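**Q** File follows, run_0.cif with mmCIF, C-alpha atoms:
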data_input
#
loop_
_atom_site.label_atom_id
_atom_site.label_comp_id
_atom_site.auth_asym_id
_atom_site.auth_seq_id
_atom_site.Cartn_x
_atom_site.Cartn_y
_atom_site.Cartn_z
CA MET A 238 16.52 -18.77 13.09
CA LEU A 239 13.43 -20.02 14.92
CA ILE A 240 10.91 -17.40 16.04
CA VAL A 241 8.93 -18.76 18.98
CA ASN A 242 6.14 -17.60 21.30
CA ALA A 243 4.47 -15.66 18.49
CA ASN A 244 0.88 -14.82 17.62
CA VAL A 245 1.20 -15.07 13.85
CA ILE A 246 -0.97 -13.07 11.43
CA THR A 247 -0.40 -14.74 8.08
CA LEU A 248 -2.28 -12.41 5.70
CA GLY A 249 -2.45 -13.84 2.15
CA ASP A 250 -5.57 -15.07 0.34
CA LYS A 251 -6.88 -16.80 3.46
CA PRO A 252 -5.49 -14.87 6.42
CA GLU A 253 -5.22 -16.65 9.73
CA VAL A 254 -4.35 -15.63 13.27
CA LEU A 255 -2.30 -18.43 14.85
CA PRO A 256 -1.73 -18.25 18.64
CA ASP A 257 1.47 -19.55 20.24
CA ALA A 258 3.00 -20.32 16.86
CA ALA A 259 6.56 -20.51 15.57
CA LEU A 260 8.31 -19.59 12.32
CA TYR A 261 11.52 -21.17 11.06
CA ILE A 262 13.59 -18.82 8.87
CA ALA A 263 15.85 -20.59 6.37
CA GLY A 264 18.11 -18.02 4.73
CA ASP A 265 15.91 -15.32 3.18
CA ARG A 266 12.69 -17.39 3.25
CA ILE A 267 10.22 -18.89 5.66
CA GLY A 268 11.11 -22.56 5.97
CA ALA A 269 8.27 -23.66 8.22
CA LEU A 270 5.26 -22.30 10.11
CA GLY A 271 3.35 -24.17 12.77
CA ALA A 272 2.73 -24.87 16.41
CA ARG A 273 5.58 -23.79 18.66
CA ALA A 274 6.08 -27.21 20.23
CA ASP A 275 6.23 -28.92 16.85
CA LEU A 276 8.84 -26.58 15.38
CA GLU A 277 10.96 -26.61 18.54
CA ARG A 278 11.20 -30.40 18.21
CA GLN A 279 11.90 -30.14 14.47
CA TYR A 280 14.64 -27.49 14.74
CA PRO A 281 16.32 -28.02 18.13
CA ALA A 282 19.65 -26.47 17.09
CA ALA A 283 18.23 -23.28 15.52
CA GLU A 284 18.97 -19.88 17.03
CA ARG A 285 15.89 -18.79 19.01
CA LEU A 286 14.19 -15.42 18.74
CA ASP A 287 11.49 -15.08 21.39
CA ALA A 288 8.58 -12.93 20.21
CA ARG A 289 7.31 -12.81 23.82
CA GLY A 290 3.69 -13.15 22.77
CA GLN A 291 3.81 -10.28 20.29
CA TYR A 292 2.00 -10.36 16.97
CA VAL A 293 4.17 -11.35 14.03
CA MET A 294 2.97 -10.36 10.57
CA PRO A 295 4.35 -9.48 7.12
CA GLY A 296 6.27 -6.24 6.78
CA GLY A 297 4.54 -3.21 5.33
CA ILE A 298 4.80 -2.24 1.66
CA CYS A 299 4.79 1.26 0.13
CA ALA A 300 3.81 1.39 -3.56
CA HIS A 301 4.95 4.97 -4.29
CA THR A 302 7.34 7.24 -2.39
CA HIS A 303 10.01 9.93 -2.87
CA PHE A 304 13.05 9.59 -0.61
CA TYR A 305 14.46 12.89 -1.86
CA GLY A 306 11.53 14.74 -0.28
CA ALA A 307 13.13 14.30 3.14
CA TYR A 308 14.76 17.72 2.87
CA ALA A 309 11.34 19.41 2.58
CA ARG A 310 10.68 18.83 6.28
CA GLY A 311 10.56 22.26 7.97
CA LEU A 312 11.56 24.04 4.77
CA ALA A 313 10.26 27.60 4.26
CA ILE A 314 8.88 28.37 0.79
CA PRO A 315 9.74 31.96 -0.24
CA GLY A 316 6.85 34.32 -0.90
CA ALA A 317 3.15 33.80 -0.28
CA PRO A 318 1.98 30.22 0.25
CA PRO A 319 1.44 28.33 -3.04
CA ARG A 320 -2.23 28.58 -4.00
CA ASP A 321 -2.52 25.23 -5.82
CA PHE A 322 -0.64 22.11 -6.79
CA PRO A 323 1.05 23.54 -9.92
CA GLN A 324 2.54 26.27 -7.73
CA ILE A 325 3.65 23.66 -5.18
CA LEU A 326 5.56 21.91 -7.97
CA GLN A 327 7.07 25.12 -9.32
CA ARG A 328 7.99 26.68 -5.99
CA LEU A 329 8.76 23.71 -3.75
CA TRP A 330 9.51 20.43 -5.48
CA TRP A 331 11.24 21.51 -8.66
CA PRO A 332 13.62 23.94 -6.95
CA LEU A 333 14.28 21.37 -4.21
CA ASP A 334 15.18 18.55 -6.56
CA LYS A 335 17.59 20.92 -8.36
CA ALA A 336 19.29 21.62 -5.01
CA LEU A 337 20.26 17.98 -4.46
CA ASP A 338 23.76 16.60 -4.99
CA ARG A 339 25.33 13.19 -4.39
CA ASP A 340 25.71 13.61 -0.63
CA SER A 341 22.21 14.96 -0.05
CA VAL A 342 20.65 12.25 -2.24
CA ARG A 343 22.41 9.64 -0.11
CA ALA A 344 21.44 11.30 3.17
CA SER A 345 17.80 11.77 2.16
CA ALA A 346 17.56 8.09 1.23
CA LEU A 347 19.13 6.94 4.49
CA VAL A 348 16.85 8.97 6.76
CA CYS A 349 13.82 7.54 4.92
CA LEU A 350 15.17 4.01 5.25
CA VAL A 351 15.66 4.47 9.00
CA ASP A 352 12.07 5.69 9.13
CA ALA A 353 10.87 2.65 7.17
CA ILE A 354 12.62 0.13 9.42
CA LYS A 355 11.30 1.80 12.58
CA HIS A 356 7.75 1.80 11.20
CA GLY A 357 7.87 -1.77 9.90
CA ALA A 358 7.90 -1.03 6.15
CA THR A 359 10.12 -3.65 4.52
CA SER A 360 9.43 -2.92 0.81
CA LEU A 361 9.38 0.49 -0.92
CA VAL A 362 8.85 1.69 -4.49
CA ASP A 363 10.78 4.96 -4.86
CA HIS A 364 10.57 7.61 -7.58
CA HIS A 365 13.69 9.82 -7.64
CA ALA A 366 14.61 13.21 -9.12
CA SER A 367 17.84 15.24 -8.88
CA PRO A 368 18.39 17.11 -12.20
CA ASN A 369 21.89 18.26 -11.23
CA PHE A 370 22.95 14.75 -10.21
CA ILE A 371 21.44 12.22 -12.59
CA ASP A 372 24.20 9.81 -13.64
CA GLY A 373 24.77 7.36 -10.80
CA SER A 374 22.01 8.77 -8.59
CA LEU A 375 20.19 5.43 -8.46
CA ASP A 376 23.44 3.68 -7.52
CA VAL A 377 23.72 5.96 -4.49
CA ILE A 378 20.15 5.20 -3.42
CA GLY A 379 20.58 1.51 -4.19
CA ALA A 380 23.69 1.33 -2.01
CA ALA A 381 21.76 2.91 0.86
CA VAL A 382 18.92 0.39 0.45
CA ASP A 383 21.44 -2.44 0.34
CA ALA A 384 23.11 -1.25 3.55
CA ALA A 385 19.74 -0.94 5.26
CA GLY A 386 18.76 -4.47 4.24
CA LEU A 387 15.35 -3.46 2.88
CA ARG A 388 13.60 -4.41 -0.37
CA ALA A 389 13.06 -1.67 -2.99
CA VAL A 390 12.17 -0.83 -6.58
CA LEU A 391 13.93 2.34 -7.77
CA CYS A 392 13.68 4.62 -10.79
CA TYR A 393 14.72 8.04 -12.05
CA GLU A 394 12.07 10.60 -13.01
CA VAL A 395 12.44 11.44 -16.72
CA THR A 396 11.17 14.90 -17.68
CA ASP A 397 12.04 17.54 -20.27
CA ARG A 398 11.32 20.51 -18.02
CA ASP A 399 15.11 20.89 -17.60
CA GLY A 400 15.93 20.36 -21.28
CA MET A 401 16.32 17.45 -23.63
CA GLU A 402 19.89 16.59 -22.62
CA LYS A 403 18.82 15.89 -19.05
CA MET A 404 15.77 14.06 -20.34
CA ARG A 405 18.07 11.70 -22.24
CA ALA A 406 20.33 11.35 -19.18
CA GLY A 407 17.30 10.24 -17.16
CA ILE A 408 16.48 7.58 -19.74
CA ALA A 409 20.05 6.31 -19.62
CA GLU A 410 20.04 6.18 -15.83
CA ASN A 411 16.87 4.09 -15.74
CA ARG A 412 18.15 1.66 -18.35
CA ARG A 413 21.61 1.27 -16.81
CA PHE A 414 20.36 0.76 -13.26
CA SER A 415 17.63 -1.70 -14.25
CA ARG A 416 20.19 -3.86 -16.04
CA ALA A 417 22.60 -3.68 -13.11
CA MET A 418 19.94 -4.74 -10.58
CA SER A 419 18.29 -7.44 -12.68
CA SER A 420 19.57 -10.24 -10.45
CA HIS A 421 19.86 -8.45 -7.10
CA ALA A 422 18.03 -10.30 -4.33
CA ARG A 423 16.27 -7.24 -2.87
CA ILE A 424 16.58 -4.35 -5.35
CA ARG A 425 15.07 -3.84 -8.78
CA GLY A 426 14.88 -0.96 -11.22
CA THR A 427 11.98 0.35 -13.27
CA PHE A 428 11.58 3.33 -15.65
CA GLY A 429 10.47 6.60 -14.07
CA LEU A 430 8.54 9.37 -15.80
CA HIS A 431 7.40 12.56 -14.11
CA ALA A 432 4.00 13.27 -15.65
CA SER A 433 2.36 13.98 -18.98
CA LEU A 434 2.51 17.72 -18.26
CA THR A 435 6.33 17.75 -18.30
CA LEU A 436 6.87 15.37 -21.21
CA ASN A 437 6.58 16.50 -24.81
CA ASP A 438 5.88 14.12 -27.69
CA GLU A 439 9.56 13.71 -28.58
CA SER A 440 10.37 12.75 -24.98
CA LEU A 441 7.54 10.25 -24.75
CA ARG A 442 8.62 8.64 -28.01
CA ALA A 443 12.21 8.41 -26.79
CA CYS A 444 11.08 6.79 -23.54
CA ALA A 445 8.80 4.34 -25.32
CA ASP A 446 11.62 3.36 -27.68
CA ALA A 447 14.03 2.88 -24.76
CA LEU A 448 11.75 0.69 -22.64
CA PRO A 449 12.55 -3.04 -22.63
CA ALA A 450 9.70 -5.26 -23.81
CA ASP A 451 9.05 -6.82 -20.39
CA ALA A 452 9.33 -3.59 -18.37
CA GLY A 453 6.95 -0.79 -17.38
CA PHE A 454 6.95 2.83 -16.30
CA HIS A 455 6.34 4.59 -12.98
CA ILE A 456 4.53 7.89 -13.60
CA HIS A 457 2.28 10.47 -11.90
CA VAL A 458 -1.16 10.66 -13.52
CA ALA A 459 -3.86 13.35 -13.17
CA GLU A 460 -2.83 14.27 -9.64
CA HIS A 461 -4.35 17.71 -10.36
CA GLU A 462 -6.65 19.00 -13.09
CA ALA A 463 -3.65 20.81 -14.60
CA ASP A 464 -2.33 17.49 -15.92
CA GLU A 465 -5.57 16.84 -17.81
CA GLU A 466 -5.76 20.43 -19.07
CA ASP A 467 -2.18 20.31 -20.35
CA SER A 468 -2.78 17.02 -22.14
CA LEU A 469 -5.93 18.32 -23.83
CA ASN A 470 -4.07 21.44 -24.97
CA ARG A 471 -1.14 19.39 -26.31
CA SER A 472 -3.03 16.59 -27.99
CA GLY A 473 -6.78 16.95 -27.71
CA LEU A 474 -6.67 13.82 -25.56
CA ARG A 475 -6.98 13.24 -21.84
CA VAL A 476 -3.84 12.13 -19.97
CA VAL A 477 -4.40 8.39 -19.99
CA GLU A 478 -5.45 8.49 -23.65
CA ARG A 479 -2.40 10.53 -24.66
CA LEU A 480 0.02 8.26 -22.83
CA ASP A 481 -1.69 5.19 -24.23
CA ARG A 482 -0.56 6.27 -27.71
CA TYR A 483 3.06 5.86 -26.57
CA GLY A 484 2.65 2.43 -25.02
CA VAL A 485 3.04 3.70 -21.45
CA TRP A 486 0.33 1.41 -20.08
CA ARG A 487 1.67 -2.07 -19.40
CA ASP A 488 1.21 -4.69 -16.72
CA ALA A 489 4.44 -3.52 -15.09
CA THR A 490 3.49 0.19 -15.10
CA ILE A 491 2.59 2.09 -11.93
CA ALA A 492 0.27 5.10 -12.30
CA ALA A 493 0.44 7.21 -9.15
CA HIS A 494 -2.61 9.18 -7.97
CA CYS A 495 -5.18 9.10 -10.84
CA VAL A 496 -7.29 11.58 -8.87
CA HIS A 497 -8.90 13.25 -11.90
CA ILE A 498 -9.25 10.46 -14.45
CA ASN A 499 -12.68 9.65 -15.90
CA GLU A 500 -14.31 6.28 -16.52
CA ALA A 501 -12.90 5.94 -20.03
CA GLU A 502 -9.39 6.49 -18.70
CA ARG A 503 -10.03 4.05 -15.86
CA ASP A 504 -11.06 1.41 -18.37
CA ILE A 505 -7.85 1.87 -20.36
CA LEU A 506 -5.79 1.35 -17.20
CA LEU A 507 -7.87 -1.69 -16.30
CA ASN A 508 -7.58 -3.27 -19.73
CA ARG A 509 -3.81 -2.71 -19.85
CA GLY A 510 -3.32 -4.27 -16.39
CA VAL A 511 -1.79 -1.10 -14.91
CA TRP A 512 -1.12 -0.75 -11.18
CA VAL A 513 -2.62 2.43 -9.67
CA SER A 514 -1.22 3.84 -6.42
CA HIS A 515 -3.26 5.94 -3.98
CA GLN A 516 -1.55 8.43 -1.62
CA PRO A 517 -4.23 9.94 0.69
CA ARG A 518 -2.03 12.02 3.01
CA SER A 519 -0.29 13.68 0.08
CA ASN A 520 -3.56 14.31 -1.73
CA MET A 521 -4.99 15.99 1.36
CA ASN A 522 -1.84 18.03 1.94
CA ASN A 523 -1.78 19.29 -1.67
CA GLY A 524 -5.52 19.93 -1.78
CA VAL A 525 -5.90 18.03 -5.05
CA GLY A 526 -8.98 15.96 -4.20
CA ALA A 527 -9.33 12.21 -3.79
CA ALA A 528 -9.37 9.36 -6.29
CA ASP A 529 -12.49 7.20 -6.59
CA ILE A 530 -10.89 4.24 -4.86
CA ASP A 531 -14.15 2.34 -4.36
CA GLY A 532 -14.98 2.71 -8.04
CA LEU A 533 -11.49 1.68 -9.11
CA LEU A 534 -11.55 -1.43 -6.92
CA ALA A 535 -15.10 -2.35 -7.97
CA ALA A 536 -14.04 -2.12 -11.62
CA GLY A 537 -11.12 -4.48 -10.96
CA VAL A 538 -8.25 -1.99 -11.17
CA LYS A 539 -5.14 -3.14 -9.27
CA LEU A 540 -5.18 -0.33 -6.70
CA CYS A 541 -2.25 -0.04 -4.28
CA LEU A 542 -1.27 2.24 -1.39
CA GLY A 543 1.75 4.55 -1.25
CA ASN A 544 2.82 7.61 0.72
CA ASP A 545 4.27 10.01 -1.90
CA GLY A 546 7.24 10.91 0.30
CA PHE A 547 5.37 11.33 3.59
CA SER A 548 6.76 9.32 6.50
CA ASN A 549 7.11 5.60 5.87
CA ASN A 550 4.51 4.99 8.55
CA MET A 551 2.15 3.01 6.34
CA TRP A 552 -0.21 2.53 9.29
CA ALA A 553 -0.93 6.26 9.09
CA GLU A 554 -1.59 5.91 5.35
CA TRP A 555 -4.07 3.08 6.02
CA LYS A 556 -5.96 5.24 8.48
CA ALA A 557 -5.93 8.30 6.21
CA ALA A 558 -7.31 6.28 3.30
CA TYR A 559 -10.05 4.84 5.51
CA LEU A 560 -11.17 8.29 6.72
CA LEU A 561 -10.58 10.60 3.73
CA HIS A 562 -13.17 9.06 1.44
CA LYS A 563 -15.86 9.03 4.12
CA VAL A 564 -15.37 12.77 4.63
CA ILE A 565 -15.09 13.83 1.00
CA ASN A 566 -18.17 11.80 0.01
CA ARG A 567 -20.06 12.37 3.29
CA ASP A 568 -20.75 8.65 3.30
CA PRO A 569 -19.47 6.36 6.09
CA ARG A 570 -19.80 3.33 3.80
CA ARG A 571 -16.93 4.50 1.58
CA ALA A 572 -13.45 3.00 1.82
CA ASP A 573 -14.54 -0.09 3.71
CA GLY A 574 -11.85 -1.66 5.85
CA MET A 575 -11.65 -4.70 3.58
CA ASN A 576 -11.06 -2.39 0.60
CA ILE A 577 -8.18 -0.74 2.43
CA ALA A 578 -6.80 -4.18 3.26
CA GLN A 579 -7.07 -5.25 -0.37
CA MET A 580 -4.97 -2.25 -1.40
CA ALA A 581 -2.38 -2.35 1.36
CA TRP A 582 -2.06 -6.14 1.77
CA ASP A 583 -2.99 -7.96 -1.38
CA ASN A 584 -2.36 -5.51 -4.21
CA ASN A 585 0.82 -4.02 -2.75
CA ALA A 586 2.20 -7.53 -2.33
CA ARG A 587 1.27 -8.57 -5.87
CA LEU A 588 2.92 -5.40 -7.20
CA LEU A 589 6.20 -6.26 -5.48
CA GLU A 590 6.00 -9.82 -6.79
CA ARG A 591 5.77 -8.40 -10.31
CA PHE A 592 9.28 -7.00 -9.82
CA PHE A 593 10.60 -10.05 -7.94
CA PRO A 594 9.43 -13.02 -10.04
CA GLY A 595 9.19 -16.24 -8.13
CA GLU A 596 9.00 -14.55 -4.72
CA ILE A 597 5.99 -14.80 -2.41
CA ILE A 598 5.74 -11.42 -0.67
CA GLY A 599 3.32 -10.01 1.87
CA GLU A 600 2.26 -13.21 3.60
CA LEU A 601 3.69 -15.68 6.07
CA ARG A 602 3.80 -19.25 4.81
CA PRO A 603 6.53 -21.74 3.91
CA GLY A 604 8.45 -20.57 0.86
CA ALA A 605 7.52 -16.90 1.26
CA ALA A 606 10.07 -14.13 1.62
CA ALA A 607 11.04 -13.67 5.26
CA ASP A 608 9.91 -10.04 5.43
CA LEU A 609 8.14 -9.64 8.76
CA ILE A 610 7.63 -7.47 11.81
CA PHE A 611 6.78 -7.87 15.50
CA LEU A 612 4.09 -5.69 17.08
CA ASP A 613 3.57 -5.22 20.80
CA TYR A 614 -0.22 -5.09 20.52
CA ARG A 615 -2.39 -6.15 23.43
CA PRO A 616 -6.00 -6.35 22.18
CA PHE A 617 -8.80 -5.97 24.70
CA THR A 618 -11.43 -7.32 22.28
CA PRO A 619 -11.24 -10.54 20.21
CA LEU A 620 -8.92 -10.39 17.19
CA ASN A 621 -9.52 -12.83 14.36
CA ALA A 622 -9.14 -13.05 10.59
CA GLY A 623 -12.60 -11.60 10.04
CA ASN A 624 -12.11 -8.40 12.01
CA LEU A 625 -8.36 -7.98 11.49
CA PRO A 626 -8.60 -4.89 9.20
CA TRP A 627 -10.46 -2.96 11.88
CA HIS A 628 -7.92 -3.87 14.57
CA LEU A 629 -5.24 -2.59 12.22
CA LEU A 630 -7.19 0.62 11.57
CA PHE A 631 -8.30 1.36 15.12
CA GLY A 632 -5.82 -0.49 17.33
CA PHE A 633 -2.42 -1.02 15.72
CA GLU A 634 0.02 1.90 15.76
CA ALA A 635 3.47 2.30 14.25
CA SER A 636 4.88 2.84 17.74
CA MET A 637 4.05 -0.80 18.46
CA VAL A 638 6.59 -2.12 15.93
CA THR A 639 9.49 -3.57 17.91
CA THR A 640 11.32 -5.82 15.45
CA THR A 641 11.80 -5.66 11.67
CA ILE A 642 13.17 -8.48 9.50
CA CYS A 643 13.69 -8.38 5.74
CA ALA A 644 14.87 -11.32 3.63
CA GLY A 645 15.63 -13.15 6.86
CA GLN A 646 17.95 -10.46 8.22
CA LEU A 647 17.23 -8.69 11.49
CA LEU A 648 17.16 -4.94 10.77
CA MET A 649 15.71 -3.88 14.13
CA ARG A 650 15.36 -5.88 17.33
CA ASP A 651 13.48 -4.59 20.36
CA ARG A 652 13.47 -1.13 18.74
CA GLU A 653 17.26 -1.12 18.32
CA LEU A 654 18.40 -0.58 14.73
CA LEU A 655 21.00 -3.14 13.68
CA THR A 656 21.97 -2.23 10.10
CA LEU A 657 21.87 1.56 10.22
CA ASP A 658 23.18 4.07 12.78
CA GLU A 659 20.29 6.49 13.23
CA SER A 660 22.25 9.08 15.20
CA GLU A 661 25.08 9.19 12.67
CA ILE A 662 22.67 9.38 9.73
CA ALA A 663 20.61 12.15 11.32
CA ALA A 664 23.75 14.13 12.15
CA GLU A 665 25.05 13.82 8.59
CA ALA A 666 21.70 14.85 7.09
CA LEU A 667 21.45 17.79 9.47
CA ALA A 668 24.94 18.96 8.58
CA LEU A 669 24.06 18.92 4.87
CA ALA A 670 20.66 20.59 5.24
CA PRO A 671 21.76 24.26 5.43
CA LYS A 672 23.54 24.06 2.05
CA VAL A 673 20.62 22.20 0.46
CA TRP A 674 18.19 24.81 1.80
CA GLU A 675 20.46 27.65 0.69
CA ARG A 676 20.57 26.28 -2.87
CA TYR A 677 16.83 25.64 -2.80
CA THR A 678 16.02 29.17 -1.60
CA ARG A 679 18.13 30.76 -4.33
CA ILE A 680 16.44 28.68 -7.03
CA ALA A 681 12.96 29.20 -5.56
CA GLN A 682 13.44 32.97 -5.39
CA ASP A 683 14.55 33.01 -9.02
CA THR A 684 11.39 31.08 -9.89
CA LEU A 685 9.27 33.55 -7.95
CA GLN A 686 10.77 36.49 -9.83
CA SER A 687 10.51 34.94 -13.29
#
Please render this file's structure as structure tokens.

**A**
Amino acid sequence: MLIVNANVITLGDKPEVLPDAALYIAGDRIGALGARADLERQYPAAERLDARGQYVMPGGICAHTHFYGAYARGLAIPGAPPRDFPQILQRLWWPLDKALDRDSVRASALVCLVDAIKHGATSLVDHHASPNFIDGSLDVIGAAVDAAGLRAVLCYEVTDRDGMEKMRAGIAENRRFSRAMSSHARIRGTFGLHASLTLNDESLRACADALPADAGFHIHVAEHEADEEDSLNRSGLRVVERLDRYGVWRDATIAAHCVHINEAERDILLNRGVWVSHQPRSNMNNGVGAADIDGLLAAGVKLCLGNDGFSNNMWAEWKAAYLLHKVINRDPRRADGMNIAQMAWDNNARLLERFFPGEIIGELRPGAAADLIFLDYRPFTPLNAGNLPWHLLFGFEASMVTTTICAGQLLMRDRELLTLDESEIAAEALALAPKVWERYTRIAQDTLQS
């Protein structure tokens, strides 16, 4: 496939904006990038895809999400509104994940994948929980990702809050799925943990013993002060220090949030090569505060950007990250546009490459994965490599995404989905929702009364 008449934004270490360029897609990779006239002469028999002057750039990447959260949209929480994040967990998320079965896990994944394609997110790192459907749950999600044609890293959330038998089932699910996906072109597995506050010492030891030598974990860290308080009560250590004793921190581990870590904890994460994921919209919604992203980046921590189960509109996450830290610190110099770009472009891409060895992800150049999107953006001021982050923050919108390609396959063309039937998926999810909500409400009311 030869993409012509494109204004190409390459990203990568030395981003360029190339007018009237062309891209040749060879299988699942970019075969060539250059001037339109040159590539048209070089590949005269290739199928043409006319970008019509739109901007063509790498697809978006989400470093931490929860597909199963889809069924929280519009859901009424029984009783008075939760007063803090621990109550949100106890009264919303833990009853909801218990309400999920095979069909609702599949439907929740599919609606999120539709959302990702429409918003130009081609790679997602998901963290799943469904305590009453553990065995095979990642297969169901993986099949949905495969049908969608997207790239993903999946895991199951191990916790002992539902007992040790289910804790061990979660370990088994992570291990089985990771082995099964080890050679898949677009899907990988990792090892999910919920958080220190729902993992006792026996569970952490079991997880550490079960983890392959070259693998890592995906875990929530100090999202709220309660995680630190629980760790101090259990062990006399702060969260990062406690988990360090069990070998959790590796160069393939993702630590989501890290809102309330201190400098000593930050240094442990830095020295272990851990990836930290920031989720600004979720942090604002839960009222938990905001991580010191400028300090983390300045220290050299590999800081990424996720959405924690919010919409897969990563443009909105960019903008939220850019604004949140200016407000909370009352300092307009915080969260500079280049810092946001480093998280969302460079670090997110390097994270995905850690799970797909040998792939070049998140940039457009020969040999890179053909994960890219078209945007119908018509700038009225100059756009160049130097000011690109601010065009993305103040000009680009998710509604401008018209075409999504992953691994060389067209997933959406001119806003028409090609691999998934949005109407059918929405209808199926809607039909399942009343039963999911009924089960959730029963469990949530029991929690409220206990």

**Q** Considering only C-alpha atoms, can you say which of A:Ala663, A:Ala670, A:Ala381, A:Leu276 comes closest to Ala309 in chain A?

**A**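 Comparing A:Ala663, A:Ala670, A:Ala381, A:Leu276 against Ala309 in chain A, the winner is A:Ala670.
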
**Q** Which distance in Å separates CA of Ile598 in chain A and CA of Asp504 in chain A, to one decimal?

**A**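 Between CA of Ile598 in chain A and CA of Asp504 in chain A the gap is 27.6 Å.
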
**Q** What's around Ile298 in chain A at 12 Å? Count all atoms listed in the file, leave out sequence neighbours fewer than 2 positions away in its own chain, and write the answer as a ChimeraX atom specification.

**A** /A:295-296,300-302,353-354,356-363,387-390,514,541-544,549-552,554-555,578,580-590,598-600,608-610,643

**Q** Report, in Å with one decimal, the straight-line distance from CA of Ser345 in chain A to CA of Thr656 in chain A.

**A**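 Separation of CA of Ser345 in chain A and CA of Thr656 in chain A: 16.6 Å.
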
**Q** Might you spell out which residues the PyMOL selection byres ((chain A and resi 562-577) around 8) would select in the displayed file, as a list in words?

**A**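 After applying the PyMOL selection byres ((chain A and resi 562-577) around 8), what remains is Ala527, Ile530, Asp531, Leu534, Trp555, Ala558, Tyr559, Leu560, Leu561, Ala578, Gln579, Met580, Ala581, Pro626, Trp627 and Leu630 of chain A.
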
**Q** To one decimal place, how far is CA of Glu402 in chain A from CA of Ala307 in chain A in Å?

**A**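 A separation of 26.7 Å between them.
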
**Q** On this structure, which residues satisfy the PyMOL selection byres ((chain A and resi 604) around 9), written as a ChimeraX atom specification?

**A** /A:266-269,596-597,601-603,605-607

**Q** For the structure provided, state which residues fall under the PyMOL selection byres ((chain A and resi 244-247) around 6), and present them as a short mmCIF file (atom, residue, chain, number, x, y, z; two decimals) with C-alpha atoms, keeping the file's coordinate frame.

**A**
data_model
loop_
_atom_site.label_atom_id
_atom_site.label_comp_id
_atom_site.auth_asym_id
_atom_site.auth_seq_id
_atom_site.Cartn_x
_atom_site.Cartn_y
_atom_site.Cartn_z
CA ALA A 243 4.47 -15.66 18.49
CA LEU A 248 -2.28 -12.41 5.70
CA PRO A 252 -5.49 -14.87 6.42
CA GLU A 253 -5.22 -16.65 9.73
CA VAL A 254 -4.35 -15.63 13.27
CA LEU A 255 -2.30 -18.43 14.85
CA PRO A 256 -1.73 -18.25 18.64
CA ASP A 257 1.47 -19.55 20.24
CA ALA A 258 3.00 -20.32 16.86
CA TYR A 292 2.00 -10.36 16.97
CA VAL A 293 4.17 -11.35 14.03
CA MET A 294 2.97 -10.36 10.57
CA GLU A 600 2.26 -13.21 3.60
CA LEU A 601 3.69 -15.68 6.07
#

**Q** Go through A:Gly632, A:Pro616, A:Gly426, A:Gly484 and flag the residue nearest Arg591 in chain A, using all atoms listed in the file for the distances.

**A**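 Comparing A:Gly632, A:Pro616, A:Gly426, A:Gly484 against Arg591 in chain A, the winner is A:Gly426.
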
**Q** List as a PyMOL selection string: which residues have an atom within 12 Å of (12.6, 28.6, -2.9), counting only C-alpha atoms?

**A** chain A and resi 309+312-319+324-336+673-686

**Q** Of the residues A:His303, A:Arg412, A:Arg442, A:Arg652, which is the one nearest to Arg479 in chain A, using only C-alpha atoms?

**A**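 Comparing A:His303, A:Arg412, A:Arg442, A:Arg652 against Arg479 in chain A, the winner is A:Arg442.
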
**Q** I want to know what sits within 12 Å of Val348 in chain A, based on only C-alpha atoms, with residues of the same chain fewer than 6 positions away left out; could you give that as a VMD selection string?

**A** chain A and resid 303 to 308 310 341 to 342 354 to 355 378 381 to 382 385 546 548 to 549 657 to 667

**Q** So which one's closest to Glu466 in chain A, A:Ala344, A:Leu337, A:Pro323, A:Ala553? Using only C-alpha atoms, please.

**A**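 Ranked by minimum distance to Glu466 in chain A, first place goes to A:Pro323.
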
**Q** Might you pull out every residue within 9 Å of Glu284 in chain A, with all atoms listed in the file counted and same-chain residues fewer than 3 positions away left off, and present them as a count of residues only?

**A** 4

**Q** Considering all atoms listed in the file, return as a PyMOL selection string whatever protein or nucleic-acid residues lie within 10 Å of Trp486 in chain A, sequence-local ones (same chain, fewer than 2 positions apart) excluded.

**A** chain A and resi 453-455+477-478+480-484+488-492+505-512
